[in-house]
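Novice: Below are the structure tokens for one structure; questions will follow.
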Amino acid sequence: MFRGSMVAVVTPMQADGALDFAALAGLVEFHIENGTDALIAVGTTGESATLDFEEHIAVVAKVVELVRRRIPVIAGTGANSTREALHLTQRAMEAGADACLLVTPYYNKPTQEGLYRHYKLIADRVPIPQILYNVPGRTACDMQPDTVERLADTPNIIGIKEASTLERIQELVRRCGDRLDVYSGDDGIAAEAILSGAKGNISVTANVAPRLMHEMCAAALAGDRTRTEAINSQVAGLHKALFLESNPIPVKWAVSQLGLIPPGIRLPLTPLSEQFQPAVRAAMQQAGVL
């Protein structure tokens with residue numbers, strides 16, 4: 001259903017942490033002008049963990065309003081409480097999102113049966129396309145391919161963002177690719193993942209280099225390995241530098257360096273340490289965006 005470079009967009013904030021909707025409007029236009037294929041509002045990179053419920057829905061609704069149906073808007077609505085995830089998903093649908101992205105419940109470490117029931121309940125109750133999201137390095141919860149396969153025949157579960165290993169992505173493509181779209185959730189392996197059958201990449205790097213990431217994903221979807229690898233080599237430094245501290249610390253600093261957002265970020269996250277700023281700046285220069 002969705003293809004290409006999908007940006008897990010940062011949430012602009014003022015220095016005091018207040019949401020900055022004027023900067024958000026500029027970001028939306030920046031991405032549309034640079035070929036971004038879809039926007040993910042209030043995912044991990046959008047600081048979903050530090051937005052309260054009403055702020056969360058307000059950002060989703062504002063992105064929907066600003067996009068005006070020019071590209072798809074996917075709302076991050078995952079939570080470690082099934083009730084909360086259900087409520088967020090319902091509200092995102094009412095706000096006009098085209099789909100929802102639901103991270104695996106974090107911290108409480110559900111069983112595979114618990115994961116199955118969590119996702120099945122939300123999919124059965126909220127009639128909006130839903131994308132599963134597995135990122136075990138961040139959640140301490142790893143949804144196994146057997147569980148994904150059980151969920152693959154649920155009509156409105158249409159994809160999975162897999163942010164673990166290339167091998168896992170390739171396994172999911174083999175096992176479920178005829179029923180679910182598989183997306184890379186790791187910029188560093190996205191090129192090879194798409195060449196292996198994934199349908200796109202949900203990206204942090206594309207916050208900073210949207211045109212290049214769009215072109216790389218398009219080349220990979222077309223099966224053009226030479227062009228894919230050439231573009232990927234240009235942005236490879238960003239893939240690494242944007243994780244020198246916890247996401248979204250480096251990427252918010254990088255986007256602020258482009259003059260697109262203020263430097264605001266909410267505690268417990270802190271601004272990018274000075275020691276890492278030269279490396280992020282060098283990666284931006286290598287990519288030709290600074």
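Ordering of the structure tokens sets the chain letters (A, B, ...), residue numbers begin anew at 1 in every chain, and ligands are numbered from 1 in the order given.
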Can you list, as a ChimeraX atom specification, every protein, DNA or RNA residue that comes within 10 Å of segment 40-55 of chain A when you count only C-alpha atoms, leaving out same-chain residues fewer than 5 positions away?
Specialist: /A:6-12,17,19,60-64,72-79,84,87-88,91,97,99-103,138,202-204,207,246-249,251-252,265-269
Novice: List every residue of segment 18-240 of chain A that DSSP, applied to the backbone of this structure, places in strand (DSSP E or B), and write the result as a ChimeraX atom specification.
Specialist: /A:19,38-41,73-76,99-103,130-134,157-162,181-184,200-203
Novice: Please determine, counting only C-alpha atoms, which residue among A:Arg174, A:Gly35, A:Ala25, A:Pro155 has the shortest atom-to-atom distance to Ala218 of chain A.
Specialist: A:Gly35
Novice: Could you produce a table of the residues of segment 136-243 of chain A lying within 6 Å of segment 122-132 of chain A, with the nearest pair of atoms per residue and their separation in Å rounded to one decimal, using only C-alpha atoms, ordered by chain and increasing residue number, as a Markdown table?
Specialist:
```
| residue | atom | partner | partner_atom | distance |
| --- | --- | --- | --- | --- |
| A:Asn156 | CA | A:Pro129 | CA | 4.7 |
| A:Ile157 | CA | A:Gln130 | CA | 4.7 |
| A:Ile158 | CA | A:Ile131 | CA | 5.9 |
| A:Gly159 | CA | A:Ile131 | CA | 4.6 |
| A:Ile160 | CA | A:Leu132 | CA | 4.4 |
```
Novice: Could you dump the residues just selected with C-alpha atoms as a tab-separated table (two decimals), in the first residue's frame?
Specialist:
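Final output, part38.tsv:
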```tsv
chain	number	residue	atom	x	y	z
A	156	ASN	CA	-6.25	-4.30	7.95
A	157	ILE	CA	-2.76	-5.32	9.12
A	158	ILE	CA	-0.99	-4.37	5.92
A	159	GLY	CA	2.70	-4.29	6.79
A	160	ILE	CA	5.54	-4.51	9.26
```
Novice: Would you list the contacts of Ile231 of chain A as number ranges by chain, taking every protein, DNA or RNA residue within 10 Å and counting only C-alpha atoms, but skipping same-chain residues closer than 2 positions in sequence?
Specialist: A: 191, 212-213, 215-217, 219, 226-229, 233-236, 287
Novice: Can you pull out the residues contacting Gln275 of chain A? Cut-off 12 Å, using only C-alpha atoms, and skip same-chain residues under 6 positions away; I want them as a list in words.
Specialist: Ala241, Leu244, Glu245, Pro250 and Arg281 of chain A
Novice: Can you work out the spacing between atom CA of Tyr106 of chain A and atom CA of Ala152 of chain A in Å, to one decimal?
Specialist: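 Taking atom CA of Tyr106 of chain A and atom CA of Ala152 of chain A, their separation equals 21.4 Å.
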Novice: Atom CA of Phe30 of chain A and atom CA of Gln285 of chain A are how many Å apart?
Specialist: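 Distance reported for this atom pair: 18.6 Å.
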Novice: What's the 12 Å shell around Leu195 of chain A, counting only C-alpha atoms, without same-chain residues fewer than 2 positions away, as number ranges by chain?
Specialist: A: 4, 166, 169-170, 173, 182-184, 189-193, 197-201, 216-229
